[in-house]
>>> print(open('my_file.csv').read())   # CSV, C-alpha atoms
chain,number,residue,atom,x,y,z
G,1,MET,CA,-84.2,-118.7,80.9
G,2,GLY,CA,-85.4,-115.7,78.9
G,3,PRO,CA,-86.7,-113.1,78.5
G,4,LEU,CA,-83.3,-112.0,79.9
G,5,THR,CA,-84.5,-108.7,81.3
G,6,VAL,CA,-87.5,-110.2,83.1
G,7,TYR,CA,-85.4,-112.8,84.7
G,8,GLU,CA,-82.8,-110.1,85.7
G,9,ILE,CA,-80.0,-111.8,83.8
G,10,ILE,CA,-79.4,-108.4,82.3
G,11,SER,CA,-79.9,-105.0,83.9
G,12,ALA,CA,-82.5,-102.4,82.7
G,13,ASN,CA,-79.6,-100.3,81.3
G,14,THR,CA,-78.1,-103.3,79.4
G,15,ASN,CA,-81.6,-103.9,78.0
G,16,LEU,CA,-81.6,-100.4,76.6
G,17,VAL,CA,-78.2,-100.9,75.0
G,18,LEU,CA,-79.6,-104.1,73.4
G,19,ALA,CA,-82.6,-102.2,72.3
G,20,PHE,CA,-80.3,-99.8,70.3
G,21,ILE,CA,-78.4,-102.8,68.8
G,22,ILE,CA,-81.7,-104.6,68.0
G,23,GLY,CA,-82.9,-101.4,66.4
G,24,ILE,CA,-79.7,-101.3,64.2
G,25,GLY,CA,-80.6,-104.8,63.0
G,26,PHE,CA,-84.2,-103.8,62.4
G,27,GLY,CA,-83.3,-100.8,60.3
G,28,PHE,CA,-80.5,-102.6,58.5
G,29,VAL,CA,-82.9,-105.4,57.5
G,30,LEU,CA,-85.8,-103.1,56.5
G,31,GLU,CA,-83.5,-101.0,54.3
G,32,ASN,CA,-81.9,-104.0,52.7
G,33,SER,CA,-85.3,-105.5,52.0
G,34,GLY,CA,-86.4,-102.3,50.1
G,35,PHE,CA,-88.7,-100.9,52.8
G,36,SER,CA,-87.1,-97.5,52.4
G,37,SER,CA,-89.1,-97.0,49.2
G,38,SER,CA,-92.7,-96.0,49.4
G,39,ARG,CA,-93.4,-97.1,45.8
G,40,LYS,CA,-92.1,-100.5,46.6
G,41,LEU,CA,-94.2,-100.7,49.8
G,42,ALA,CA,-97.3,-99.5,48.0
G,43,GLY,CA,-96.6,-102.0,45.2
G,44,MET,CA,-98.2,-104.7,47.3
G,45,PHE,CA,-101.6,-103.1,47.0
G,46,TYR,CA,-101.4,-103.1,43.2
G,47,GLY,CA,-99.8,-106.5,42.8
G,48,TYR,CA,-96.6,-105.2,41.0
G,49,ASP,CA,-94.3,-105.7,44.0
G,50,THR,CA,-95.3,-108.0,46.8
G,51,THR,CA,-92.1,-107.6,48.8
G,52,VAL,CA,-94.0,-106.4,51.8
G,53,LEU,CA,-96.2,-109.5,51.9
G,54,LYS,CA,-93.2,-111.8,51.6
G,55,VAL,CA,-91.0,-110.1,54.1
G,56,PHE,CA,-93.8,-109.5,56.6
G,57,PHE,CA,-95.2,-113.0,56.7
G,58,THR,CA,-91.8,-114.7,56.5
G,59,ALA,CA,-90.8,-112.6,59.5
G,60,ALA,CA,-94.0,-113.3,61.4
G,61,ILE,CA,-93.7,-117.1,61.0
G,62,THR,CA,-90.0,-117.1,61.7
G,63,ALA,CA,-90.4,-115.2,64.9
G,64,MET,CA,-93.5,-117.3,65.9
G,65,VAL,CA,-91.7,-120.6,65.2
G,66,GLY,CA,-88.5,-119.3,67.0
G,67,THR,CA,-90.5,-118.3,70.0
G,68,LEU,CA,-92.2,-121.7,70.2
G,69,ILE,CA,-88.9,-123.6,69.8
G,70,PHE,CA,-87.3,-121.4,72.5
G,71,ALA,CA,-90.2,-122.2,74.8
G,72,LEU,CA,-90.0,-125.9,74.0
G,73,PHE,CA,-86.3,-126.0,75.0
G,74,GLY,CA,-87.0,-124.1,78.1
G,75,TRP,CA,-85.1,-121.0,77.0
G,76,LEU,CA,-88.0,-118.7,77.0
G,77,ASP,CA,-90.9,-118.3,79.5
G,78,LEU,CA,-93.9,-117.6,77.4
G,79,SER,CA,-96.0,-116.7,80.4
G,80,VAL,CA,-94.1,-113.5,81.0
G,81,ILE,CA,-93.6,-112.1,77.5
G,82,TYR,CA,-95.8,-109.2,76.4
G,83,ILE,CA,-98.9,-110.3,74.7
G,84,ASN,CA,-100.7,-107.4,73.1
G,85,PRO,CA,-104.1,-107.0,74.8
G,86,THR,CA,-107.2,-107.1,72.7
G,87,TYR,CA,-109.7,-104.2,72.7
G,88,LEU,CA,-111.9,-105.4,69.8
G,89,TRP,CA,-113.2,-102.1,68.5
G,90,SER,CA,-110.1,-100.1,68.7
G,91,ALA,CA,-108.1,-102.9,67.1
G,92,ILE,CA,-110.5,-102.9,64.2
G,93,LEU,CA,-110.9,-99.1,63.9
G,94,GLY,CA,-107.3,-98.3,64.6
G,95,GLY,CA,-106.2,-100.9,61.9
G,96,ALA,CA,-108.7,-99.4,59.4
G,97,VAL,CA,-107.4,-95.8,60.0
G,98,MET,CA,-103.8,-97.0,59.7
G,99,GLY,CA,-104.7,-98.8,56.4
G,100,ALA,CA,-106.0,-95.5,55.0
G,101,GLY,CA,-102.8,-93.9,56.1
G,102,PHE,CA,-100.7,-96.6,54.5
G,103,ILE,CA,-102.3,-96.2,51.0
G,104,LEU,CA,-102.2,-92.4,51.1
G,105,GLY,CA,-98.8,-92.0,52.6
G,106,GLY,CA,-97.0,-95.1,51.4
G,107,PHE,CA,-95.2,-95.8,54.7
G,108,CYS,CA,-95.9,-97.1,58.1
G,109,PRO,CA,-94.0,-95.5,61.1
G,110,GLY,CA,-91.1,-97.9,61.1
G,111,THR,CA,-90.5,-97.8,57.4
G,112,ALA,CA,-90.8,-94.0,57.3
G,113,PHE,CA,-87.9,-93.6,59.8
G,114,CYS,CA,-86.0,-96.2,57.8
G,115,ALA,CA,-86.6,-94.2,54.6
G,116,LEU,CA,-85.7,-90.9,56.3
G,117,SER,CA,-82.4,-92.5,57.3
G,118,ILE,CA,-81.3,-92.7,53.6
G,119,GLY,CA,-82.6,-89.2,52.8
G,120,LYS,CA,-86.2,-89.7,51.6
G,121,LEU,CA,-88.0,-86.4,52.1
G,122,ASP,CA,-91.5,-87.8,51.5
G,123,ALA,CA,-90.7,-90.0,54.6
G,124,LEU,CA,-89.9,-86.8,56.6
G,125,ALA,CA,-93.3,-85.4,55.6
G,126,PHE,CA,-94.9,-88.6,56.6
G,127,ILE,CA,-93.2,-88.4,60.0
G,128,GLY,CA,-94.4,-84.9,60.4
G,129,GLY,CA,-97.9,-86.2,59.8
G,130,LEU,CA,-97.4,-88.9,62.4
G,131,PHE,CA,-96.7,-86.3,65.1
G,132,ILE,CA,-99.8,-84.4,64.1
G,133,GLY,CA,-101.8,-87.6,64.2
G,134,VAL,CA,-100.6,-88.7,67.6
G,135,PHE,CA,-101.1,-85.1,68.8
G,136,LEU,CA,-104.7,-85.1,67.6
G,137,PHE,CA,-105.3,-88.3,69.5
G,138,THR,CA,-103.8,-87.0,72.7
G,139,GLU,CA,-105.7,-83.7,72.5
G,140,ALA,CA,-109.0,-85.3,71.5
G,141,TYR,CA,-108.6,-88.3,73.8
G,142,PRO,CA,-112.0,-87.8,75.6
G,143,VAL,CA,-113.7,-88.2,72.2
G,144,PHE,CA,-111.9,-91.5,71.5
G,145,GLU,CA,-111.8,-92.8,75.0
G,146,GLY,CA,-115.1,-94.7,74.8
G,147,ILE,CA,-114.2,-96.7,71.7
G,148,TYR,CA,-110.5,-96.9,72.8
G,149,LYS,CA,-111.5,-98.9,75.8
G,150,ALA,CA,-114.6,-100.7,74.5
G,151,GLU,CA,-114.9,-104.5,74.3
G,152,PHE,CA,-111.7,-105.3,76.3
G,153,MET,CA,-111.0,-109.0,76.1
G,154,GLY,CA,-107.8,-109.3,78.1
G,155,ALA,CA,-104.9,-110.7,76.2
G,156,PRO,CA,-106.3,-113.7,74.4
G,157,PHE,CA,-104.4,-115.9,72.0
G,158,VAL,CA,-105.7,-116.2,68.4
G,159,TYR,CA,-105.7,-120.0,68.6
G,160,ASP,CA,-107.9,-120.0,71.7
G,161,ALA,CA,-110.3,-117.6,70.0
G,162,LEU,CA,-110.5,-120.0,67.0
G,163,GLY,CA,-110.8,-123.1,69.3
G,164,MET,CA,-107.5,-124.7,68.1
G,165,SER,CA,-104.4,-125.9,69.7
G,166,ARG,CA,-101.3,-123.7,69.4
G,167,GLY,CA,-99.5,-126.2,67.2
G,168,VAL,CA,-102.4,-126.7,64.8
G,169,PHE,CA,-102.8,-122.9,64.4
G,170,ALA,CA,-99.1,-122.4,63.8
G,171,ALA,CA,-99.0,-125.1,61.1
G,172,LEU,CA,-102.1,-123.6,59.4
G,173,LEU,CA,-100.5,-120.1,59.5
G,174,ILE,CA,-97.4,-121.4,57.9
G,175,ILE,CA,-99.4,-123.1,55.2
G,176,ALA,CA,-101.5,-119.9,54.7
G,177,ALA,CA,-98.2,-117.9,54.4
G,178,PHE,CA,-96.9,-120.2,51.7
G,179,GLY,CA,-100.2,-119.8,49.9
G,180,MET,CA,-99.9,-116.1,50.0
G,181,PHE,CA,-96.2,-116.3,48.8
G,182,TRP,CA,-97.4,-118.2,45.8
G,183,LEU,CA,-100.1,-115.6,45.1
G,184,GLY,CA,-97.5,-112.9,45.4
G,185,GLU,CA,-95.2,-114.5,42.9
G,186,TRP,CA,-98.1,-115.0,40.5
G,187,SER,CA,-99.3,-111.4,40.9
G,188,GLU,CA,-95.8,-110.0,40.2
G,189,ARG,CA,-95.7,-112.0,36.9
G,190,LYS,CA,-99.2,-110.8,36.0
G,191,PHE,CA,-98.7,-107.1,36.8
G,192,PRO,CA,-95.0,-106.6,36.0
G,193,ARG,CA,-93.6,-103.0,36.2
G,194,ASP,CA,-90.3,-101.5,35.3
G,195,GLU,CA,-88.0,-100.5,38.0
G,196,TYR,CA,-89.0,-97.4,39.8
P,1,MET,CA,-83.5,-104.1,34.0
P,2,ASN,CA,-80.0,-102.6,34.1
P,3,LEU,CA,-79.6,-102.2,37.8
P,4,ASP,CA,-76.3,-101.5,39.3
P,5,LYS,CA,-75.5,-104.8,41.2
P,6,SER,CA,-74.5,-103.0,44.4
P,7,LYS,CA,-78.0,-101.4,44.6
P,8,LYS,CA,-79.9,-104.7,44.6
P,9,TYR,CA,-82.2,-105.4,47.5
P,10,TRP,CA,-82.1,-108.6,49.4
P,11,ASN,CA,-84.2,-111.6,48.4
P,12,PRO,CA,-87.5,-110.9,50.3
P,13,TYR,CA,-87.7,-114.3,51.9
P,14,PHE,CA,-84.1,-113.9,53.2
P,15,GLY,CA,-85.0,-110.4,54.5
P,16,GLY,CA,-88.1,-111.9,56.2
P,17,VAL,CA,-86.1,-114.6,58.0
P,18,MET,CA,-83.6,-111.9,59.2
P,19,LEU,CA,-86.4,-109.6,60.3
P,20,GLY,CA,-88.0,-112.6,62.2
P,21,LEU,CA,-84.7,-113.2,63.9
P,22,VAL,CA,-84.4,-109.6,65.0
P,23,LEU,CA,-87.9,-109.8,66.4
P,24,LEU,CA,-87.0,-113.1,68.2
P,25,ALA,CA,-84.0,-111.4,69.7
P,26,ALA,CA,-86.2,-108.6,71.0
P,27,ILE,CA,-88.6,-111.1,72.5
P,28,TYR,CA,-85.8,-113.2,74.0
P,29,THR,CA,-83.9,-110.3,75.6
P,30,ALA,CA,-86.6,-107.7,76.4
P,31,GLY,CA,-89.7,-109.9,76.5
P,32,ARG,CA,-91.4,-107.7,74.0
P,33,GLY,CA,-91.6,-107.3,70.3
P,34,LEU,CA,-90.5,-104.5,68.0
P,35,GLY,CA,-92.3,-101.2,67.6
P,36,ALA,CA,-92.2,-97.7,66.1
P,37,SER,CA,-95.2,-95.5,66.9
P,38,GLY,CA,-94.6,-95.7,70.6
P,39,ALA,CA,-91.3,-93.8,70.2
P,40,VAL,CA,-93.2,-91.0,68.4
P,41,LYS,CA,-95.5,-90.8,71.4
P,42,SER,CA,-92.6,-90.6,73.8
P,43,VAL,CA,-91.0,-87.8,71.8
P,44,LEU,CA,-94.4,-85.9,71.7
P,45,VAL,CA,-95.0,-86.3,75.4
P,46,THR,CA,-91.5,-85.1,76.2
P,47,GLY,CA,-91.9,-82.1,73.9
P,48,MET,CA,-95.3,-81.2,75.3
P,49,GLU,CA,-94.0,-81.4,78.9
P,50,ALA,CA,-91.3,-78.9,77.9
P,51,VAL,CA,-93.3,-76.6,75.9
P,52,ALA,CA,-96.7,-76.6,77.6
P,53,PRO,CA,-96.4,-78.0,81.1
P,54,SER,CA,-99.6,-76.5,82.4
P,55,HIS,CA,-101.6,-77.8,79.4
P,56,VAL,CA,-100.1,-81.3,80.1
P,57,GLU,CA,-101.2,-81.1,83.7
P,58,SER,CA,-104.8,-80.4,82.8
P,59,THR,CA,-105.3,-82.7,79.8
P,60,PRO,CA,-107.0,-86.1,80.4
P,61,PHE,CA,-104.7,-88.0,78.1
P,62,TYR,CA,-101.6,-87.0,79.9
P,63,LYS,CA,-103.1,-87.6,83.4
P,64,GLU,CA,-103.8,-91.2,82.3
P,65,TYR,CA,-100.4,-91.5,80.7
P,66,PHE,CA,-98.4,-90.4,83.7
P,67,ALA,CA,-100.5,-92.5,86.0
P,68,SER,CA,-99.4,-95.6,84.1
P,69,HIS,CA,-95.9,-94.6,83.0
P,70,SER,CA,-93.1,-93.7,85.4
P,71,GLY,CA,-89.7,-92.2,84.7
P,72,ASN,CA,-88.5,-90.3,81.7
P,73,PRO,CA,-90.5,-91.2,78.5
P,74,MET,CA,-87.3,-90.9,76.4
P,75,LYS,CA,-85.6,-93.6,78.5
P,76,SER,CA,-87.7,-96.3,77.0
P,77,TRP,CA,-86.9,-99.5,75.0
P,78,LEU,CA,-88.7,-98.2,71.9
P,79,VAL,CA,-86.9,-94.9,71.8
P,80,PHE,CA,-83.5,-96.6,71.9
P,81,GLU,CA,-84.7,-99.2,69.3
P,82,MET,CA,-85.8,-96.4,67.0
P,83,LEU,CA,-82.5,-94.6,67.3
P,84,GLY,CA,-80.8,-97.8,66.3
P,85,LEU,CA,-83.2,-98.2,63.4
P,86,VAL,CA,-82.2,-94.9,61.9
P,87,VAL,CA,-78.5,-95.9,62.3
P,88,GLY,CA,-79.1,-99.4,60.8
P,89,GLY,CA,-81.0,-98.0,57.8
P,90,PHE,CA,-78.3,-95.4,57.2
P,91,VAL,CA,-75.6,-98.0,57.3
P,92,SER,CA,-77.5,-100.2,54.8
P,93,GLY,CA,-78.2,-97.3,52.5
P,94,ALA,CA,-74.5,-96.2,52.6
P,95,MET,CA,-73.3,-99.8,51.9
P,96,SER,CA,-75.7,-100.1,48.9
P,97,GLY,CA,-75.2,-96.6,47.5
P,98,ARG,CA,-78.7,-95.5,48.2
P,99,LEU,CA,-78.1,-92.4,50.3
P,100,LYS,CA,-79.7,-89.5,48.5
P,101,PHE,CA,-82.1,-86.6,49.4
P,102,LYS,CA,-85.1,-87.1,47.2
P,103,VAL,CA,-88.9,-87.1,47.1
P,104,GLU,CA,-89.9,-90.4,45.7
P,105,HIS,CA,-93.1,-90.3,43.7
P,106,SER,CA,-95.0,-91.7,40.7
P,107,PRO,CA,-94.1,-89.9,37.5
P,108,LYS,CA,-97.8,-89.0,37.2
P,109,ILE,CA,-97.8,-86.7,40.3
P,110,THR,CA,-95.7,-83.8,41.4
P,111,SER,CA,-93.4,-83.8,44.4
P,112,ARG,CA,-95.7,-81.3,46.0
P,113,LYS,CA,-98.7,-83.6,45.7
P,114,ARG,CA,-96.6,-86.5,47.0
P,115,ILE,CA,-95.6,-84.5,50.1
P,116,ILE,CA,-99.2,-83.4,50.8
P,117,PHE,CA,-100.4,-87.0,50.7
P,118,ALA,CA,-97.4,-88.2,52.7
P,119,VAL,CA,-98.4,-85.7,55.5
P,120,LEU,CA,-102.0,-86.8,55.2
P,121,GLY,CA,-101.1,-90.5,55.4
P,122,GLY,CA,-98.9,-89.8,58.4
P,123,ILE,CA,-101.7,-88.1,60.2
P,124,PHE,CA,-104.0,-91.1,59.6
P,125,PHE,CA,-101.3,-93.5,60.6
P,126,GLY,CA,-100.4,-91.6,63.7
P,127,LEU,CA,-104.0,-91.3,64.9
P,128,GLY,CA,-104.7,-95.0,64.0
P,129,SER,CA,-101.6,-96.3,65.8
P,130,GLN,CA,-102.8,-94.7,69.1
P,131,LEU,CA,-106.3,-96.0,68.7
P,132,GLY,CA,-105.0,-99.5,67.7
P,133,ARG,CA,-102.3,-99.5,70.5
P,134,GLY,CA,-99.4,-99.9,68.1
P,135,CYS,CA,-98.6,-99.8,64.4
P,136,THR,CA,-97.5,-102.4,61.8
P,137,SER,CA,-94.5,-103.3,63.9
P,138,GLY,CA,-95.8,-103.2,67.4
P,139,ALA,CA,-99.4,-104.4,66.9
P,140,ALA,CA,-99.5,-106.3,63.7
P,141,LEU,CA,-96.0,-108.0,63.3
P,142,SER,CA,-95.1,-108.4,67.0
P,143,GLY,CA,-98.7,-109.3,67.9
P,144,MET,CA,-98.7,-112.0,65.3
P,145,ALA,CA,-95.4,-113.4,66.4
P,146,VAL,CA,-96.8,-113.9,69.9
P,147,LEU,CA,-100.1,-115.1,68.5
P,148,SER,CA,-102.2,-112.3,70.0
P,149,LEU,CA,-105.7,-112.1,68.8
P,150,GLY,CA,-105.6,-108.3,68.7
P,151,GLY,CA,-102.4,-108.4,66.6
P,152,PHE,CA,-104.1,-110.5,64.0
P,153,ILE,CA,-107.2,-108.3,63.9
P,154,THR,CA,-105.2,-105.1,63.6
P,155,MET,CA,-103.0,-106.7,60.8
P,156,ILE,CA,-106.1,-107.8,58.8
P,157,PHE,CA,-107.6,-104.3,59.1
P,158,ILE,CA,-104.4,-102.4,58.2
P,159,PHE,CA,-103.8,-104.5,55.0
P,160,GLY,CA,-107.5,-105.0,54.3
P,161,THR,CA,-108.3,-101.3,54.4
P,162,ALA,CA,-105.3,-100.4,52.3
P,163,PHE,CA,-106.4,-103.0,49.7
P,164,ALA,CA,-110.0,-101.7,49.8
P,165,LEU,CA,-108.9,-98.1,49.2
P,166,ALA,CA,-106.1,-98.9,46.7
P,167,TYR,CA,-108.3,-98.3,43.7
P,168,PHE,CA,-109.0,-94.7,44.8
P,169,ALA,CA,-105.4,-93.9,45.5
P,170,ARG,CA,-104.0,-95.6,42.4
P,171,LYS,CA,-102.9,-92.4,40.7
P,172,LEU,CA,-100.5,-91.7,43.6
P,173,TRP,CA,-98.6,-94.9,42.9
P,174,ILE,CA,-99.1,-96.3,39.4
>>> encode(input="my_file.csv", output="structure tokens")
Amino acid sequence: MGPLTVYEIISANTNLVLAFIIGIGFGFVLENSGFSSSRKLAGMFYGYDTTVLKVFFTAAITAMVGTLIFALFGWLDLSVIYINPTYLWSAILGGAVMGAGFILGGFCPGTAFCALSIGKLDALAFIGGLFIGVFLFTEAYPVFEGIYKAEFMGAPFVYDALGMSRGVFAALLIIAAFGMFWLGEWSERKFPRDEY
Amino acid sequence: MNLDKSKKYWNPYFGGVMLGLVLLAAIYTAGRGLGASGAVKSVLVTGMEAVAPSHVESTPFYKEYFASHSGNPMKSWLVFEMLGLVVGGFVSGAMSGRLKFKVEHSPKITSRKRIIFAVLGGIFFGLGSQLGRGCTSGAALSGMAVLSLGGFITMIFIFGTAFALAYFARKLWI
């Protein structure tokens, strides 16, 4: 039964070795999908390249379905996996600040390190900015603390918040993803661009 | 399009399934999703401890951090994962002939302008990732995979804000 490290099937050190290997897979997949190019990433927000949308939502529904199947077969104990806690205001405000960073900088943290690995110097600049941003947060923490901890809701599931069963929500999310894929394909035909 | 065949990217749906399987492997082995910004924080905390130990002792953020984290911040799952990410990205770039030092930018802007906005974007993303308890990987993607309400909210606000501001930043990209 998984998660392997929680059930002590693997040791803490083995878990770190696996983290490194999983990271290699993460970087390999991101780079091969084109996530090492800021203009490709930013393309999503102008409709000329919706790779981000397709990769991101395909990944989310694949992992979600995989997790549910693993749980169904008794391979994974869902009650002990990490569920991101919800602090309503910081989730909203943090997301909005990150969105501004995305459109200005053209990367998110993971994709910036991926782009740096193949020599993109704009990614190096972005990573420099990341350190400054995290530093600002740590130094000015008392300023942010109120909003950072406000409206703590525990670790609720999205389907409970919407009053649905897990299966119904998962099915709707898959349908919504396919709707967005169709929209992405349409948008790329409508706003075509030369290779960049 | 006269692209060298070796430089072609994967089909995005195939890439998405592969990324989903990597994320599933993380959940199955470590009981947690992927992430990125947490590793930046670990490096910063370690650096600050080395450079300014007395400052670290007296700063509210670090007091709270060390109260909830034990051990060496560099010996964390996310730091090892991010080291792997750099290796994996490099291998993929090498295999596809994409290894090259360059500043990628729209032909309408200079490299200098691109670098300035990249730093600015990084500052926003770094700050936002701390406020939002994770970035696109840790909060949005991994949060969605485990159906966390917060993950969905953060994802909607990352992409929603970027879309909302896209018009004003269009000269940077198109």
>>> residues_near_point(input="my_file.csv", point="(-109.8, -90.9, 79.6)", cutoff="12 Å", atoms="only C-alpha atoms", output="list in words")
Phe137, Thr138, Glu139, Ala140, Tyr141, Pro142, Val143, Phe144, Glu145, Gly146, Ile147, Tyr148 and Lys149 of chain G; Thr59, Pro60, Phe61, Tyr62, Lys63, Glu64, Tyr65 and Ala67 of chain P
>>> closest_residue(input="my_file.csv", among="P:Glu81, P:Ala94, P:Ile158, P:Met74", to="Phe125 in chain P", atoms="only C-alpha atoms")
P:Ile158
>>> residues_around(input="my_file.csv", residues="Ser90 in chain G", least_positions_apart="5", cutoff="12 Å", atoms="all atoms listed in the file", output="PyMOL selection string")
(chain G and resi 85+95-98+144-153) or (chain P and resi 127-134+139+150-151+153-154+157)
>>> residues_around(input="my_file.csv", residues="Phe80 in chain P", least_positions_apart="3", cutoff="12 Å", atoms="only C-alpha atoms", output="PyMOL selection string")
(chain G and resi 13-24+26) or (chain P and resi 34-36+38-40+42-43+73-77+83-87)
>>> residues_near_point(input="my_file.csv", point="(-103.1, -99.6, 54.9)", cutoff="12 Å", atoms="only C-alpha atoms", output="PyMOL selection string")
(chain G and resi 41-45+52+93-109) or (chain P and resi 121-122+124-125+128-129+135-136+140+154-166+169)
>>> atom_distance(input="my_file.csv", atom1="CA of Phe35 in chain G", atom2="CA of Ile123 in chain P")
19.7 Å
>>> atom_distance(input="my_file.csv", atom1="CA of Ile9 in chain G", atom2="CA of Thr29 in chain P")
9.2 Å
>>> residues_around(input="my_file.csv", residues="Phe191 in chain G", least_positions_apart="5", cutoff="12 Å", atoms="all atoms listed in the file", output="JSON, numbers by chain")
{"G": [43, 44, 45, 46, 47, 48, 49, 50, 183, 184, 185, 186], "P": [174]}
>>> write_last_selection(input="my_file.csv", atoms="C-alpha atoms", output="mmCIF file, in the frame of the given file")
data_model
loop_
_atom_site.group_PDB
_atom_site.id
_atom_site.type_symbol
_atom_site.label_atom_id
_atom_site.label_comp_id
_atom_site.auth_asym_id
_atom_site.auth_seq_id
_atom_site.Cartn_x
_atom_site.Cartn_y
_atom_site.Cartn_z
ATOM 1 C CA GLY G 43 -96.600 -102.000 45.200
ATOM 2 C CA MET G 44 -98.200 -104.700 47.300
ATOM 3 C CA PHE G 45 -101.600 -103.100 47.000
ATOM 4 C CA TYR G 46 -101.400 -103.100 43.200
ATOM 5 C CA GLY G 47 -99.800 -106.500 42.800
ATOM 6 C CA TYR G 48 -96.600 -105.200 41.000
ATOM 7 C CA ASP G 49 -94.300 -105.700 44.000
ATOM 8 C CA THR G 50 -95.300 -108.000 46.800
ATOM 9 C CA LEU G 183 -100.100 -115.600 45.100
ATOM 10 C CA GLY G 184 -97.500 -112.900 45.400
ATOM 11 C CA GLU G 185 -95.200 -114.500 42.900
ATOM 12 C CA TRP G 186 -98.100 -115.000 40.500
ATOM 13 C CA ILE P 174 -99.100 -96.300 39.400
#
>>> closest_residue(input="my_file.csv", among="P:Gly126, P:Lys171, P:Met144, P:Ser96", to="Lys113 in chain P", atoms="only C-alpha atoms")
P:Lys171
>>> residues_around(input="my_file.csv", residues="Leu76 in chain G", least_positions_apart="2", cutoff="10 Å", atoms="only C-alpha atoms", output="NGL selection string")
(:G and (1-4 or 67-74 or 78-81)) or (:P and (27-29 or 31))
>>> closest_residue(input="my_file.csv", among="G:Ser36, G:Arg166, G:Glu31, G:Ala12", to="Asp122 in chain G", atoms="all atoms listed in the file")
G:Ser36
>>> atom_distance(input="my_file.csv", atom1="CA of Pro192 in chain G", atom2="CA of Ile175 in chain G")
25.7 Å
>>> closest_residue(input="my_file.csv", among="G:Thr111, G:Thr58, G:Ser11, G:Ser165", to="chain P", atoms="only C-alpha atoms")
G:Thr58
>>> closest_residue(input="my_file.csv", among="G:Ser187, G:Phe169, G:Leu121, G:Phe135", to="Glu104 in chain P", atoms="all atoms listed in the file")
G:Leu121
>>> closest_residue(input="my_file.csv", among="G:Ile127, G:Ser117, G:Val29, G:Ser38", to="Phe56 in chain G", atoms="only C-alpha atoms")
G:Val29
>>> axis_aligned_box(input="my_file.csv", around="range 146-156 of chain P", padding_each_side="3 Å", output="AutoDock Vina command-line options")
--center_x -102.0 --center_y -110.1 --center_z 64.4 --size_x 16.4 --size_y 16.0 --size_z 17.2
